[in-house]
file target36.pdb (PDB, C-alpha atoms)
ATOM      1  CA  MET A  26      77.943 122.642  86.520
ATOM      2  CA  LEU A  27      75.208 125.023  85.434
ATOM      3  CA  GLU A  28      73.192 127.660  87.194
ATOM      4  CA  LEU A  29      69.625 128.601  86.501
ATOM      5  CA  ILE A  30      69.143 132.379  86.527
ATOM      6  CA  VAL A  31      65.521 133.283  87.259
ATOM      7  CA  SER A  32      64.153 136.820  86.970
ATOM      8  CA  VAL A  33      61.450 137.169  89.606
ATOM      9  CA  CYS A  34      59.126 140.052  90.431
ATOM     10  CA  LEU A  35      56.963 140.801  93.436
ATOM     11  CA  VAL A  36      53.346 139.758  92.976
ATOM     12  CA  ASP A  37      51.978 142.990  94.508
ATOM     13  CA  ASN A  38      54.608 145.236  92.860
ATOM     14  CA  PRO A  39      55.566 143.796  89.434
ATOM     15  CA  THR A  40      58.027 146.617  88.767
ATOM     16  CA  ARG A  41      60.262 145.426  91.636
ATOM     17  CA  CYS A  42      62.284 142.544  90.223
ATOM     18  CA  LYS A  43      65.542 140.735  90.906
ATOM     19  CA  ASP A  44      67.604 137.862  89.509
ATOM     20  CA  VAL A  45      67.896 134.686  91.560
ATOM     21  CA  SER A  46      70.558 132.040  90.934
ATOM     22  CA  LEU A  47      69.738 128.363  91.418
ATOM     23  CA  VAL A  48      72.766 126.080  90.994
ATOM     24  CA  TYR A  49      72.553 122.580  89.544
ATOM     25  CA  LEU A  50      75.014 120.345  91.370
ATOM     26  CA  ALA A  51      75.033 117.561  88.761
ATOM     27  CA  GLU A  52      78.095 117.991  86.586
ATOM     28  CA  SER A  53      76.677 116.116  83.612
ATOM     29  CA  VAL A  54      73.644 118.375  83.109
ATOM     30  CA  THR A  55      73.561 119.877  79.628
ATOM     31  CA  PRO A  56      72.075 123.305  78.888
ATOM     32  CA  MET A  57      69.084 121.603  77.216
ATOM     33  CA  GLN A  58      68.468 119.412  80.277
ATOM     34  CA  CYS A  59      68.774 122.488  82.478
ATOM     35  CA  MET A  60      66.077 124.280  80.480
ATOM     36  CA  MET A  61      63.844 121.187  80.484
ATOM     37  CA  GLN A  62      64.152 120.746  84.259
ATOM     38  CA  SER A  63      64.001 124.449  85.037
ATOM     39  CA  GLN A  64      60.230 124.639  85.530
ATOM     40  CA  ALA A  65      60.377 122.066  88.345
ATOM     41  CA  GLU A  66      63.239 123.940  90.042
ATOM     42  CA  ILE A  67      61.409 127.258  89.685
ATOM     43  CA  ALA A  68      58.255 125.694  91.146
ATOM     44  CA  LYS A  69      60.227 124.508  94.183
ATOM     45  CA  TRP A  70      61.693 127.977  94.676
ATOM     46  CA  THR A  71      58.342 129.759  94.347
ATOM     47  CA  GLU A  72      56.754 127.431  96.919
ATOM     48  CA  GLY A  73      59.132 128.883  99.480
ATOM     49  CA  HIS A  74      58.764 132.441  98.145
ATOM     50  CA  PRO A  75      55.014 132.940  97.514
ATOM     51  CA  ASN A  76      55.292 136.730  97.122
ATOM     52  CA  TRP A  77      57.449 136.364  93.993
ATOM     53  CA  VAL A  78      56.577 135.257  90.461
ATOM     54  CA  ALA A  79      59.055 134.054  87.818
ATOM     55  CA  LYS A  80      59.068 136.130  84.628
ATOM     56  CA  ARG A  81      61.920 134.530  82.645
ATOM     57  CA  TRP A  82      64.919 132.263  83.107
ATOM     58  CA  SER A  83      68.067 130.980  81.453
ATOM     59  CA  CYS A  84      70.824 128.432  82.077
ATOM     60  CA  ARG A  85      74.462 129.529  82.209
ATOM     61  CA  PRO A  86      77.809 128.123  83.354
ATOM     62  CA  ALA A  87      77.960 128.137  87.173
ATOM     63  CA  GLY A  88      80.096 130.742  88.871
ATOM     64  CA  ARG A  89      79.194 133.546  86.523
ATOM     65  CA  TYR A  90      76.497 134.859  88.882
ATOM     66  CA  ALA A  91      76.468 132.515  91.873
ATOM     67  CA  LYS A  92      79.313 132.507  94.350
ATOM     68  CA  ILE A  93      80.318 128.859  94.490
TER      69      ILE A  93
END

call {"tool": "encode", "arguments": {"input": "target36.pdb", "output": "structure tokens"}}
result
Amino acid sequence: MLELIVSVCLVDNPTRCKDVSLVYLAESVTPMQCMMQSQAEIAKWTEGHPNWVAKRWSCRPAGRYAKI
């Protein structure tokens, strides 16, 4: 299982940023597939959080940042 770590910043205050963890539940997802699918997952997240904008992201083994 992988998690997608997304660094997001406030639209009206770009110096205020935080890391958000999005966990992929599929066990067979490779790091390359995670990176390829990441834009769709980030788009879903930003739809629900319109005041934030994604600056960068990476895929890592789950549990390192997220509490699963």

call {"tool": "closest_residue", "arguments": {"input": "target36.pdb", "among": "A:Gly73, A:Ile67, A:Arg41, A:Leu27", "to": "Thr55 in chain A", "atoms": "all atoms listed in the file"}}
result
A:Leu27

call {"tool": "residues_around", "arguments": {"input": "target36.pdb", "residues": "Asp37 in chain A", "least_positions_apart": "6", "cutoff": "12 Å", "atoms": "only C-alpha atoms", "output": "short mmCIF file (atom, residue, chain, number, x, y, z; two decimals) with C-alpha atoms, in the frame of the given file"}}
result
data_model
loop_
_atom_site.label_atom_id
_atom_site.label_comp_id
_atom_site.auth_asym_id
_atom_site.auth_seq_id
_atom_site.Cartn_x
_atom_site.Cartn_y
_atom_site.Cartn_z
CA PRO A 75 55.01 132.94 97.51
CA ASN A 76 55.29 136.73 97.12
CA TRP A 77 57.45 136.36 93.99
CA VAL A 78 56.58 135.26 90.46
#

call {"tool": "resolve_selection", "arguments": {"input": "target36.pdb", "expression": "the PyMOL selection byres ((chain A and resi 29) around 12)", "output": "number ranges by chain"}}
result
A: 26-28, 30-32, 44-50, 54-67, 70, 79, 81-91

call {"tool": "axis_aligned_box", "arguments": {"input": "target36.pdb", "around": "range 62-79 of chain A", "padding_each_side": "5 Å", "output": "lines of an AutoDock Vina configuration file"}}
result
center_x = 59.6
center_y = 128.7
center_z = 91.9
size_x = 19.1
size_y = 26.0
size_z = 25.2
